[in-house]
Structure formats: structure tokens, C-alpha cells
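Source file: work_24.cif. Holds: mmCIF, C-alpha atoms and all ligand atoms.
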```cif
data_query
loop_
_atom_site.group_PDB
_atom_site.id
_atom_site.type_symbol
_atom_site.label_atom_id
_atom_site.label_comp_id
_atom_site.auth_asym_id
_atom_site.auth_seq_id
_atom_site.Cartn_x
_atom_site.Cartn_y
_atom_site.Cartn_z
ATOM 1 C CA MET A 1 155.868 78.846 108.260
ATOM 2 C CA THR A 2 152.875 80.260 106.440
ATOM 3 C CA LYS A 3 151.184 76.884 106.690
ATOM 4 C CA PHE A 4 151.935 76.688 110.395
ATOM 5 C CA SER A 5 150.471 80.141 110.958
ATOM 6 C CA PHE A 6 147.382 79.240 109.024
ATOM 7 C CA PHE A 7 146.771 76.147 111.183
ATOM 8 C CA GLN A 8 147.605 78.054 114.288
ATOM 9 C CA CYS A 9 145.067 80.734 113.368
ATOM 10 C CA ARG A 10 142.479 78.139 112.498
ATOM 11 C CA HIS A 11 143.078 76.427 115.799
ATOM 12 C CA THR A 12 142.724 79.683 117.696
ATOM 13 C CA PHE A 13 139.541 80.525 115.781
ATOM 14 C CA ILE A 14 138.014 77.145 116.601
ATOM 15 C CA TYR A 15 139.080 77.589 120.235
ATOM 16 C CA PHE A 16 137.190 80.891 120.405
ATOM 17 C CA LEU A 17 134.190 79.409 118.652
ATOM 18 C CA LYS A 18 134.096 76.610 121.197
ATOM 19 C CA LYS A 19 134.567 79.101 124.010
ATOM 20 C CA GLU A 20 131.648 81.182 122.704
ATOM 21 C CA ARG A 21 129.443 78.146 122.513
ATOM 22 C CA LYS A 22 130.322 76.872 125.965
ATOM 23 C CA PRO A 23 127.062 76.573 127.858
ATOM 24 C CA MET A 24 126.547 79.674 129.980
ATOM 25 C CA GLY A 25 125.939 79.101 133.670
ATOM 26 C CA GLU A 26 122.618 80.100 135.199
ATOM 27 C CA ALA A 27 122.136 83.856 134.799
ATOM 28 C CA ILE A 28 122.876 85.720 138.020
ATOM 29 C CA PRO A 29 119.556 86.665 139.642
ATOM 30 C CA ILE A 30 118.879 90.309 140.315
ATOM 31 C CA VAL A 31 117.812 89.351 143.869
ATOM 32 C CA GLU A 32 118.595 86.307 145.905
ATOM 33 C CA MET A 33 117.489 85.929 149.521
ATOM 34 C CA ARG A 34 118.894 82.941 151.401
ATOM 35 C CA ASN A 35 117.635 81.295 154.564
ATOM 36 C CA ILE A 36 115.790 84.365 155.835
ATOM 37 C CA ARG A 37 114.520 84.071 159.389
ATOM 38 C CA LYS A 38 112.556 86.662 161.325
ATOM 39 C CA SER A 39 110.799 86.476 164.672
ATOM 40 C CA PHE A 40 108.649 89.009 166.449
ATOM 41 C CA GLY A 41 108.768 88.020 170.123
ATOM 42 C CA GLY A 42 107.475 84.464 170.140
ATOM 43 C CA VAL A 43 106.088 84.623 166.595
ATOM 44 C CA GLN A 44 108.313 83.040 163.961
ATOM 45 C CA ALA A 45 107.198 85.015 160.926
ATOM 46 C CA LEU A 46 109.857 83.553 158.577
ATOM 47 C CA ARG A 47 111.567 80.204 159.108
ATOM 48 C CA GLY A 48 114.410 80.033 156.614
ATOM 49 C CA VAL A 49 112.982 81.330 153.329
ATOM 50 C CA ASP A 50 114.911 81.373 150.031
ATOM 51 C CA LEU A 51 113.768 83.647 147.218
ATOM 52 C CA VAL A 52 115.169 84.257 143.747
ATOM 53 C CA LEU A 53 114.088 87.017 141.374
ATOM 54 C CA HIS A 54 115.524 87.037 137.861
ATOM 55 C CA HIS A 55 116.126 90.070 135.662
ATOM 56 C CA ASN A 56 112.970 91.324 133.972
ATOM 57 C CA GLU A 57 110.827 88.769 135.760
ATOM 58 C CA VAL A 58 107.487 89.209 137.514
ATOM 59 C CA LEU A 59 107.335 87.019 140.618
ATOM 60 C CA GLY A 60 103.967 86.508 142.299
ATOM 61 C CA LEU A 61 104.084 85.992 146.058
ATOM 62 C CA VAL A 62 101.025 84.372 147.580
ATOM 63 C CA GLY A 63 99.919 82.774 150.829
ATOM 64 C CA ASP A 64 97.290 83.006 153.505
ATOM 65 C CA ASN A 65 97.068 85.857 156.021
ATOM 66 C CA ALA A 66 100.124 85.941 158.310
ATOM 67 C CA ALA A 67 102.103 83.614 156.008
ATOM 68 C CA GLY A 68 105.030 86.071 156.100
ATOM 69 C CA LYS A 69 104.754 87.709 152.658
ATOM 70 C CA SER A 70 104.902 91.343 153.781
ATOM 71 C CA THR A 71 107.610 90.564 156.341
ATOM 72 C CA LEU A 72 109.813 88.973 153.671
ATOM 73 C CA MET A 73 109.376 91.956 151.367
ATOM 74 C CA LYS A 74 109.913 94.448 154.195
ATOM 75 C CA ILE A 75 113.254 92.747 154.812
ATOM 76 C CA LEU A 76 114.186 93.139 151.149
ATOM 77 C CA SER A 77 113.152 96.791 151.203
ATOM 78 C CA GLY A 78 115.036 97.514 154.427
ATOM 79 C CA ALA A 79 112.035 98.136 156.689
ATOM 80 C CA TYR A 80 112.890 95.082 158.846
ATOM 81 C CA ILE A 81 116.238 93.504 159.639
ATOM 82 C CA PRO A 82 116.228 89.683 159.537
ATOM 83 C CA ASN A 83 117.461 87.632 162.492
ATOM 84 C CA GLU A 84 119.325 85.416 160.063
ATOM 85 C CA GLY A 85 119.941 85.062 156.354
ATOM 86 C CA GLU A 86 121.677 86.777 153.480
ATOM 87 C CA ILE A 87 120.644 88.965 150.559
ATOM 88 C CA PHE A 88 122.512 89.116 147.271
ATOM 89 C CA ILE A 89 121.851 91.774 144.640
ATOM 90 C CA GLU A 90 123.153 90.865 141.206
ATOM 91 C CA GLY A 91 125.370 88.250 142.827
ATOM 92 C CA LYS A 92 126.924 90.576 145.401
ATOM 93 C CA LYS A 93 126.190 90.307 149.083
ATOM 94 C CA ALA A 94 124.115 93.316 150.136
ATOM 95 C CA HIS A 95 123.779 94.890 153.573
ATOM 96 C CA ILE A 96 120.266 96.209 153.665
ATOM 97 C CA ILE A 97 119.448 97.497 157.111
ATOM 98 C CA ASN A 98 117.243 100.464 156.218
ATOM 99 C CA PRO A 99 115.125 101.666 153.268
ATOM 100 C CA TRP A 100 117.940 103.946 152.042
ATOM 101 C CA ASP A 101 120.253 100.947 151.643
ATOM 102 C CA ALA A 102 117.534 99.233 149.621
ATOM 103 C CA ARG A 103 116.967 102.350 147.517
ATOM 104 C CA ARG A 104 120.685 102.597 146.780
ATOM 105 C CA GLN A 105 120.481 99.024 145.485
ATOM 106 C CA GLY A 106 117.560 100.019 143.247
ATOM 107 C CA ILE A 107 114.863 98.340 145.350
ATOM 108 C CA GLU A 108 111.593 100.133 146.123
ATOM 109 C CA MET A 109 108.450 98.876 147.806
ATOM 110 C CA VAL A 110 104.888 100.078 147.398
ATOM 111 C CA TYR A 111 103.310 99.402 150.787
ATOM 112 C CA GLN A 112 99.811 98.084 151.384
ATOM 113 C CA ASP A 113 98.743 101.491 152.740
ATOM 114 C CA LEU A 114 100.539 103.322 149.846
ATOM 115 C CA ALA A 115 102.051 105.924 152.212
ATOM 116 C CA LEU A 116 101.013 108.903 150.076
ATOM 117 C CA ALA A 117 100.518 112.434 151.398
ATOM 118 C CA ASN A 118 96.893 113.049 150.460
ATOM 119 C CA ASN A 119 97.062 116.828 150.926
ATOM 120 C CA LEU A 120 99.922 117.193 148.429
ATOM 121 C CA ASP A 121 99.702 117.046 144.650
ATOM 122 C CA VAL A 122 100.820 114.187 142.416
ATOM 123 C CA ALA A 123 104.201 115.743 141.566
ATOM 124 C CA ALA A 124 105.005 116.464 145.225
ATOM 125 C CA ASN A 125 104.193 112.860 146.106
ATOM 126 C CA VAL A 126 106.365 111.450 143.331
ATOM 127 C CA PHE A 127 109.312 113.606 144.423
ATOM 128 C CA MET A 128 108.737 113.290 148.164
ATOM 129 C CA GLY A 129 112.103 112.974 149.921
ATOM 130 C CA ARG A 130 113.952 113.627 146.648
ATOM 131 C CA GLU A 131 112.732 117.137 145.892
ATOM 132 C CA ALA A 132 114.502 119.023 143.136
ATOM 133 C CA VAL A 133 115.905 122.318 144.421
ATOM 134 C CA SER A 134 116.320 125.341 142.127
ATOM 135 C CA VAL A 135 117.856 127.828 144.602
ATOM 136 C CA LYS A 136 119.499 127.208 147.954
ATOM 137 C CA LEU A 137 120.081 130.205 150.237
ATOM 138 C CA GLY A 138 121.746 128.955 153.386
ATOM 139 C CA PRO A 139 119.167 126.848 155.223
ATOM 140 C CA ILE A 140 116.400 127.890 152.778
ATOM 141 C CA SER A 141 115.772 125.728 149.718
ATOM 142 C CA ILE A 142 113.408 126.739 146.941
ATOM 143 C CA MET A 143 111.853 123.777 145.181
ATOM 144 C CA ASP A 144 111.987 123.533 141.445
ATOM 145 C CA GLU A 145 108.239 123.004 141.030
ATOM 146 C CA HIS A 146 108.411 123.389 137.271
ATOM 147 C CA HIS A 147 111.047 120.683 136.856
ATOM 148 C CA MET A 148 109.246 118.299 139.227
ATOM 149 C CA GLY A 149 105.952 118.870 137.401
ATOM 150 C CA GLN A 150 107.510 118.224 133.994
ATOM 151 C CA GLU A 151 109.351 115.116 135.146
ATOM 152 C CA THR A 152 106.232 113.733 136.812
ATOM 153 C CA GLN A 153 104.192 114.295 133.648
ATOM 154 C CA ARG A 154 106.878 112.528 131.633
ATOM 155 C CA LEU A 155 106.803 109.613 134.077
ATOM 156 C CA LEU A 156 102.998 109.320 133.928
ATOM 157 C CA ASP A 157 103.120 109.421 130.120
ATOM 158 C CA ARG A 158 105.851 106.791 129.976
ATOM 159 C CA LEU A 159 103.822 104.462 132.212
ATOM 160 C CA LYS A 160 100.574 105.326 130.377
ATOM 161 C CA ILE A 161 98.943 106.502 133.622
ATOM 162 C CA ASP A 162 95.806 108.481 133.012
ATOM 163 C CA ILE A 163 95.743 111.446 135.436
ATOM 164 C CA SER A 164 94.627 114.779 134.000
ATOM 165 C CA SER A 165 97.094 116.988 135.897
ATOM 166 C CA VAL A 166 100.156 116.460 138.077
ATOM 167 C CA ARG A 167 98.858 119.391 140.144
ATOM 168 C CA LEU A 168 95.827 117.441 141.387
ATOM 169 C CA LYS A 169 95.904 116.666 145.073
ATOM 170 C CA VAL A 170 96.141 112.960 145.786
ATOM 171 C CA GLU A 171 92.996 113.128 147.970
ATOM 172 C CA SER A 172 90.974 113.938 144.839
ATOM 173 C CA LEU A 173 92.146 110.810 142.977
ATOM 174 C CA SER A 174 90.387 107.450 142.740
ATOM 175 C CA GLY A 175 91.803 104.384 144.525
ATOM 176 C CA GLY A 176 93.253 103.073 141.271
ATOM 177 C CA GLN A 177 94.885 106.407 140.458
ATOM 178 C CA ARG A 178 96.412 106.572 143.938
ATOM 179 C CA GLN A 179 97.825 103.106 143.497
ATOM 180 C CA ALA A 180 99.246 104.195 140.141
ATOM 181 C CA VAL A 181 100.890 107.261 141.733
ATOM 182 C CA ALA A 182 102.437 105.086 144.453
ATOM 183 C CA ILE A 183 103.779 102.670 141.826
ATOM 184 C CA ALA A 184 105.042 105.520 139.633
ATOM 185 C CA ARG A 185 106.851 107.035 142.620
ATOM 186 C CA ALA A 186 108.450 103.682 143.417
ATOM 187 C CA THR A 187 109.716 103.268 139.869
ATOM 188 C CA ALA A 188 110.773 106.861 139.202
ATOM 189 C CA PHE A 189 114.430 106.901 140.191
ATOM 190 C CA ASN A 190 116.457 104.160 138.532
ATOM 191 C CA THR A 191 114.530 101.424 140.259
ATOM 192 C CA LYS A 192 115.555 97.916 139.277
ATOM 193 C CA VAL A 193 113.199 95.978 141.536
ATOM 194 C CA THR A 194 109.696 97.122 142.426
ATOM 195 C CA ILE A 195 107.824 95.325 145.180
ATOM 196 C CA MET A 196 104.062 95.750 145.309
ATOM 197 C CA ASP A 197 102.119 94.632 148.367
ATOM 198 C CA GLU A 198 98.496 93.933 147.447
ATOM 199 C CA PRO A 199 98.289 96.592 144.721
ATOM 200 C CA THR A 200 94.832 95.507 143.603
ATOM 201 C CA ALA A 201 93.122 95.039 146.960
ATOM 202 C CA ALA A 202 89.992 97.172 147.313
ATOM 203 C CA LEU A 203 89.971 98.372 143.689
ATOM 204 C CA SER A 204 87.169 98.191 141.139
ATOM 205 C CA VAL A 205 87.480 95.682 138.303
ATOM 206 C CA ALA A 206 88.390 98.449 135.846
ATOM 207 C CA ALA A 207 91.004 99.872 138.203
ATOM 208 C CA ILE A 208 92.493 96.411 138.772
ATOM 209 C CA GLY A 209 92.864 96.055 134.994
ATOM 210 C CA LYS A 210 94.777 99.338 134.840
ATOM 211 C CA VAL A 211 97.127 98.396 137.666
ATOM 212 C CA LEU A 212 97.853 95.066 135.965
ATOM 213 C CA ASP A 213 98.503 96.934 132.696
ATOM 214 C CA LEU A 214 100.948 99.087 134.616
ATOM 215 C CA VAL A 215 102.758 95.975 135.883
ATOM 216 C CA ARG A 216 103.000 94.704 132.284
ATOM 217 C CA GLU A 217 104.270 98.086 131.125
ATOM 218 C CA LEU A 218 106.986 98.116 133.795
ATOM 219 C CA LYS A 219 108.066 94.645 132.754
ATOM 220 C CA ALA A 220 108.111 95.724 129.117
ATOM 221 C CA GLN A 221 110.432 98.551 130.154
ATOM 222 C CA GLY A 222 112.855 96.118 131.773
ATOM 223 C CA CYS A 223 111.875 96.229 135.467
ATOM 224 C CA SER A 224 111.853 93.213 137.739
ATOM 225 C CA ILE A 225 108.798 93.022 139.958
ATOM 226 C CA ILE A 226 107.553 91.132 142.992
ATOM 227 C CA ILE A 227 103.817 91.330 143.466
ATOM 228 C CA ILE A 228 101.962 90.120 146.559
ATOM 229 C CA SER A 229 98.301 89.375 146.047
ATOM 230 C CA HIS A 230 95.444 87.352 147.453
ATOM 231 C CA ARG A 231 93.811 87.615 144.028
ATOM 232 C CA LEU A 232 95.168 84.569 142.241
ATOM 233 C CA GLU A 233 93.740 85.822 138.930
ATOM 234 C CA ASP A 234 96.048 88.834 139.152
ATOM 235 C CA ILE A 235 99.078 86.667 139.843
ATOM 236 C CA TYR A 236 98.094 84.412 136.942
ATOM 237 C CA GLN A 237 97.693 87.312 134.547
ATOM 238 C CA VAL A 238 100.978 89.120 135.137
ATOM 239 C CA SER A 239 103.472 86.751 136.778
ATOM 240 C CA ASP A 240 106.110 84.603 135.124
ATOM 241 C CA ARG A 241 106.657 82.577 138.284
ATOM 242 C CA MET A 242 105.011 82.343 141.662
ATOM 243 C CA MET A 243 106.040 81.408 145.140
ATOM 244 C CA VAL A 244 103.734 80.315 147.958
ATOM 245 C CA LEU A 245 104.517 80.943 151.619
ATOM 246 C CA ARG A 246 102.756 79.087 154.405
ATOM 247 C CA HIS A 247 103.426 79.643 158.108
ATOM 248 C CA GLY A 248 106.716 81.390 157.295
ATOM 249 C CA ARG A 249 108.058 78.700 154.941
ATOM 250 C CA LYS A 250 108.250 78.423 151.178
ATOM 251 C CA VAL A 251 106.025 75.558 150.049
ATOM 252 C CA CYS A 252 105.988 76.154 146.291
ATOM 253 C CA ASP A 253 108.114 77.899 143.658
ATOM 254 C CA THR A 254 106.959 77.304 140.108
ATOM 255 C CA PRO A 255 106.415 78.903 136.690
ATOM 256 C CA VAL A 256 102.915 80.231 136.105
ATOM 257 C CA ALA A 257 101.516 77.823 133.554
ATOM 258 C CA GLY A 258 98.454 75.907 132.479
ATOM 259 C CA ASP A 259 94.896 77.178 132.449
ATOM 260 C CA ILE A 260 93.510 79.428 135.137
ATOM 261 C CA ASP A 261 91.277 76.806 136.801
ATOM 262 C CA ASP A 262 94.108 74.313 137.093
ATOM 263 C CA PHE A 263 96.389 77.093 138.358
ATOM 264 C CA ARG A 264 93.908 78.221 141.003
ATOM 265 C CA GLU A 265 93.268 74.676 142.204
ATOM 266 C CA ARG A 266 96.990 73.963 142.481
ATOM 267 C CA VAL A 267 97.824 77.190 144.290
ATOM 268 C CA VAL A 268 94.997 76.787 146.777
ATOM 269 C CA ALA A 269 96.322 73.308 147.619
ATOM 270 C CA TYR A 270 99.658 74.875 148.574
ATOM 271 C CA ILE A 271 98.046 77.756 150.461
ATOM 272 C CA ILE A 272 95.956 75.462 152.665
ATOM 273 C CA GLY A 273 98.794 72.987 153.229
ATOM 274 C CA ALA A 274 97.534 70.073 151.126
ATOM 275 C CA ARG A 275 100.725 70.275 149.043
ATOM 276 C CA ASP A 276 104.282 71.193 150.003
ATOM 277 C CA ASP A 277 107.279 70.871 147.667
ATOM 278 C CA PHE A 278 109.792 71.840 150.322
ATOM 279 C CA ALA A 279 108.703 69.704 153.263
ATOM 280 C CA GLU A 280 111.377 67.505 154.854
ATOM 281 C CA GLY A 281 111.974 64.520 152.640
ATOM 282 C CA VAL A 282 110.292 66.042 149.586
ATOM 283 C CA SER A 283 112.515 66.602 146.536
ATOM 284 C CA LYS A 284 113.307 70.296 146.010
ATOM 285 C CA GLN A 285 112.522 69.935 142.311
ATOM 286 C CA PRO A 286 109.089 71.471 142.497
ATOM 287 C CA ASN A 287 106.196 70.521 140.305
ATOM 288 C CA ASN A 288 107.796 67.908 138.145
ATOM 289 C CA GLU A 289 104.428 67.056 136.714
ATOM 290 C CA HIS A 290 104.079 70.612 135.487
ATOM 291 C CA GLU A 291 107.496 71.047 133.968
ATOM 292 C CA GLU A 292 106.033 70.030 130.677
ATOM 293 C CA VAL A 293 103.332 72.685 130.878
ATOM 294 C CA GLN A 294 104.380 75.464 128.656
ATOM 295 C CA ASP A 295 102.663 78.781 128.150
ATOM 296 C CA ILE A 296 104.277 81.116 130.567
ATOM 297 C CA VAL A 297 101.682 83.775 131.134
ATOM 298 C CA HIS A 298 102.725 87.372 130.657
HETATM 299 N N1 LIG A 301 105.824 94.488 163.296
HETATM 300 C C1 LIG A 301 105.369 93.316 163.726
HETATM 301 N N2 LIG A 301 105.289 93.055 165.045
HETATM 302 C C2 LIG A 301 104.852 91.868 165.509
HETATM 303 N N3 LIG A 301 104.446 90.855 164.700
HETATM 304 C C3 LIG A 301 104.497 91.065 163.388
HETATM 305 C C4 LIG A 301 104.960 92.297 162.813
HETATM 306 N N4 LIG A 301 104.911 92.209 161.467
HETATM 307 C C5 LIG A 301 104.430 90.984 161.194
HETATM 308 N N5 LIG A 301 104.184 90.294 162.344
HETATM 309 C C6 LIG A 301 103.683 88.924 162.441
HETATM 310 O O1 LIG A 301 104.386 88.125 161.523
HETATM 311 C C7 LIG A 301 103.520 87.207 160.892
HETATM 312 C C8 LIG A 301 103.601 87.402 159.373
HETATM 313 O O2 LIG A 301 102.993 88.633 159.072
HETATM 314 P P1 LIG A 301 102.958 89.259 157.602
HETATM 315 O O3 LIG A 301 102.409 90.619 157.730
HETATM 316 O O4 LIG A 301 104.300 89.108 157.002
HETATM 317 O O5 LIG A 301 101.940 88.285 156.870
HETATM 318 P P2 LIG A 301 101.325 88.403 155.410
HETATM 319 O O6 LIG A 301 101.614 87.113 154.731
HETATM 320 O O7 LIG A 301 101.781 89.645 154.763
HETATM 321 O O8 LIG A 301 99.771 88.473 155.741
HETATM 322 P P3 LIG A 301 98.593 89.323 155.029
HETATM 323 O O9 LIG A 301 98.201 88.558 153.818
HETATM 324 O O10 LIG A 301 97.507 89.308 156.078
HETATM 325 O O11 LIG A 301 99.082 90.705 154.746
HETATM 326 C C9 LIG A 301 102.141 87.432 161.462
HETATM 327 O O12 LIG A 301 101.932 86.506 162.509
HETATM 328 C C10 LIG A 301 102.219 88.838 162.010
HETATM 329 O O13 LIG A 301 101.347 89.026 163.090
HETATM 330 MG MG MG A 302 100.819 91.418 154.177
#
```
If you took the structure in this file and wrote it as C-alpha cells, what would it be?
Ligand SMILES: Nc1ncnc2c1ncn2[C@@H]1O[C@H](COP(=O)(O)OP(=O)(O)OP(=O)(O)O)[C@@H](O)[C@H]1O
Ligand SMILES: [Mg+2]
Amino acid sequence: MTKFSFFQCRHTFIYFLKKERKPMGEAIPIVEMRNIRKSFGGVQALRGVDLVLHHNEVLGLVGDNAAGKSTLMKILSGAYIPNEGEIFIEGKKAHIINPWDARRQGIEMVYQDLALANNLDVAANVFMGREAVSVKLGPISIMDEHHMGQETQRLLDRLKIDISSVRLKVESLSGGQRQAVAIARATAFNTKVTIMDEPTAALSVAAIGKVLDLVRELKAQGCSIIIISHRLEDIYQVSDRMMVLRHGRKVCDTPVAGDIDDFRERVVAYIIGARDDFAEGVSKQPNNEHEEVQDIVH
């Protein structure tokens, strides 16, 4: 009996060991968009686009003007409703039909125009629409300025954003600082996915460096990020993977690898239509020749 129990235990132990070591399936992506289509009148902005974003990944989204990048991200952030297609957040089908739905799912977008209130201070901008209230007397609410100021300062410190006071009006900040405030606002409230549309356009070289540092910092703190940029150097520096759209279709989806010149040359070929990994008849295993290329750039 004792012997039997011993073997039984051993068997069970080995069973659990084997179970533990069973290869895990692909990790569930934090975002998956499937077959997204969107038309504006006669313009087909998106023609069946699939997108996957993994946990703690930075995905670069590139393509020529009017390729559909902003439209795709506006669908994810609830600004546009697609004509067709599905969105899954952490494996569950999501119904995102307005920005509040997206926010509830932990998705925030920093728009190309930043959408900041220039006449308000940094703290008021960070808390805009989510103001902390200290006293509520019937229809009158008194804002908890002190709390909002403290929380904003904590947020700027955590993201290593260099702004001397949260009481400065946004109109007095530099372009880079404004971008940083917009990004900080987007990441302030339990955001899981931050989308940035051209965050480095029209910034000085030094300011671009700071915004890219901010992207790295957010990744280090566990965020997942999608960054749209025409500046391929920026995508190369901060992205783990990149996706190219052309005329509303995905033409490339590949890890960011190799040296910068090779990367630029390859990406440009996709942008101008010289290469297409998802054309009819082309295998959907993109970039086989680059699968051996290793250094993922962080
Ligand atoms: N609100 C809208 N109304 C009508 N057409 C639109 C609207 N938004 C986008 N489009 C059209 O959809 C297409 C894709 O536009 P989108 O803004 O997504 O491109 P993009 O890749 O972000 O370009 P860019 O790099 O210039 O920002 C374009 O032809 C554009 O004119
Ligand atoms: Mg755009």
C-alpha cells in the first residue's frame, strides 16, 4: 500500500511537471484589431487591416500621407467607428464606439494637435475631464486644486518630465514640454495602451530626444505603446516591432532589427510600394530573410 502510494505520488508529481512544461500558447495580445475597414464617402481609408499589440511592446506605425494610420488609431481610441472589423482587448471582444469606451479599456490617444487647453495650467490639463472635487454643494463643485497639483507633480517626476511648476500655463511651455504634458495626461489614469500620433513632428532635436526618452520610460514602467511617425529614426530607436500601411492596407509587420541604414531602406521600399508582404499570393510570413536578424532595438 505504501509502495503503491509512493508510485502514485511520483506519477502525479511527474504529471504536474509535464503539465508545467507544456509549451504555452502564444501570449494573448493586449490589443488585436481584425479586418478593420473604414470608408469616408468614396474614400476607402482602411481596407481590412489586422493589428496586434503585445503587452509591454512598442509598435511603430508608419506609412505615407493618407495611408490610414491616424484613422486606424482613431478607431482604436473610439473617435471613429469602423464599417467592419473587430477589436479584442486582452482576448475579449471590445465594443469601442466612443472615447469613453476606449478609456474604460485603458486606451488613450495623444492626438496630432495635442488637444491641450493653452490658457490653463499643467495640472488642469492633466486632470481635464477628470477633475478631483473637494466639496460639492448641490450643483456647485469646488475643485481640489491642491490634490491635482500634487498628483500632477508626482506624475511628472515619475515620468522624469522637466517642467518647473505644474502651475505654469501650457501656452508658456515649449513644443516638447507640451507634447510631454499631453503624453503624461494620456498615461495618468491606469492607461494600459498609449497611442501617440506624430509625437515628434515639429520638435527640435533635443526635444525629440526627450519625447523618445519618455516613450522608453513608459515602456520601462510596463505600458504598451503605439507610435505613429514619419521619422523612421524615431521608430527605429524606440520600437520593438513596426507595421507599414499603404493605401489603407498593411504591407509589412516585422521586428525592428538590423542597422539603421538597412532598416530605413527596407521601410521606404514598403512605404513606396516596392515591397508588400501581404499582397495576394504573397506568403503572410513577413520578412523571412530578416528572421535571423537579432538585435531588437529598445
Ligand atoms: N474625417 C474624415 N473625413 C473624410 N476623409 C477622411 C477623414 N479622416 C481621414 N480621411 C481620409 O482617409 C484617408 C486616410 O487618412 P489618415 O488621416 O488616416 O492618413 P494618415 O496615414 O494618418 O496620414 P498622415 O500621415 O498625413 O497623417 C485619407 O484619404 C483622408 O483624407
Ligand atoms: Mg495622420
Check your understanding: Residues within 8 Å of ligand MG 302 (chain A) (only C-alpha atoms and all ligand atoms), as a ChimeraX atom specification?
Key -> /A:65-66,68-71,112,197-198,228
Check your understanding: So which residues touch range 84-96 of chain A within 12 Å, counting all atoms listed in the file, skipping near sequence neighbours fewer than 2 positions away, as JSON, numbers by chain?
Key -> {"A": [26, 27, 28, 29, 30, 31, 32, 33, 34, 35, 36, 37, 38, 39, 44, 46, 47, 48, 49, 50, 51, 52, 53, 54, 55, 72, 73, 74, 75, 76, 77, 78, 79, 80, 81, 82, 98, 99, 100, 101, 102, 103, 104, 105, 106, 107, 192, 193]}
Specify the axis-aligned box that encloses all atoms of ligand LIG 301 (chain A) listed in the file after padding of 6 Å on each side, stating its centre and edge lengths in Å to one decimal as lines of an AutoDock Vina configuration file.
```
center_x = 101.7
center_y = 90.5
center_z = 159.7
size_x = 20.3
size_y = 20.0
size_z = 23.7
```
Review point. Suppose you want the space between CA of Met128 in chain A and CA of Gly175 in chain A; what is it in Å?
Key: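 Result for CA of Met128 in chain A versus CA of Gly175 in chain A: 19.5 Å, one decimal.
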**Study point:** Residues within 6 Å of Asp121 in chain A, all atoms listed in the file, excluding chain neighbours under 5 positions, as a PyMOL selection string
**Key:** chain A and resi 167-170
Exercise for review: To one decimal in Å, tell me the separation between CA of Ala207 in chain A and CA of Val181 in chain A.
Suggested key: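 Value for the CA of Ala207 in chain A-CA of Val181 in chain A distance: 12.8 Å.
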Review point. Quick one: which residues end up in the PyMOL selection byres (((chain A and resi 218) around 12) and not hetatm) for this structure, as number ranges by chain?
Key: A: 56-58, 155-156, 158-161, 180, 183-184, 186-188, 191-195, 211-217, 219-226, 238, 298
Exercise for review: Quick one: pull the distance between CA of Met148 in chain A and CA of Asn125 in chain A, Å, one decimal.
Suggested key: 10.1 Å
Check your understanding: Applied to this file, what does the PyMOL selection byres (((chain A and resi 114) around 8) and not hetatm) return in terms of residues, put as a list in words?
Key -> Val110, Tyr111, Gln112, Asp113, Ala115, Leu116, Arg178, Gln179 and Ala182 of chain A
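Compared by their closest atoms to Ser239 in chain A, and using all atoms listed in the file, the residues A:Val62, A:Ala206, A:Val166, A:Val122 rank with A:Val62 nearest.
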Review point. Selected by the PyMOL selection byres (((chain A and resi 256) around 8) and not hetatm) in the shown coordinates: which residues, as an MDAnalysis selection string?
Key: chainID A and resid 236 239:242 254:255 257:258 263 296:297
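With only C-alpha atoms and all ligand atoms as the atoms that count, the residue of A:Val244, A:Ala124, A:Val205, A:Ala279 with the shortest distance to ligand LIG 301 (chain A) is A:Val244.
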**Study point:** Top pick for closest residue to Lys250 in chain A, considering A:Val126, A:Leu59, A:Ile271, A:Leu173 and counting only C-alpha atoms
**Key:**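 Checking each of A:Val126, A:Leu59, A:Ile271, A:Leu173 against Lys250 in chain A, counting only C-alpha atoms, the winner is A:Ile271.
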Exercise for review: For Ala274 in chain A, work out the shell of residues within 12 Å, counting all atoms listed in the file and skipping chain neighbours fewer than 3 positions away, then give it as a ChimeraX atom specification.
Suggested key: /A:246,251-252,265-271,277,279
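Distance check against Gly248 in chain A using only C-alpha atoms: of A:Gly176, A:Gly209, A:Gly63, A:Gly42, the minimum falls on A:Gly63.
Nearest residue to Asp162 in chain A, choosing from A:Asn190, A:Asn118, A:Asp253, A:Gln177 and counting only C-alpha atoms: A:Gln177.
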Practice item. Using all atoms listed in the file, pick whichever of A:Phe40, A:Phe127, A:Phe278, A:Phe189 has the shortest atom-to-atom distance to ligand LIG 301 (chain A). Key: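 Result for the nearest residue to ligand LIG 301 (chain A): A:Phe40.
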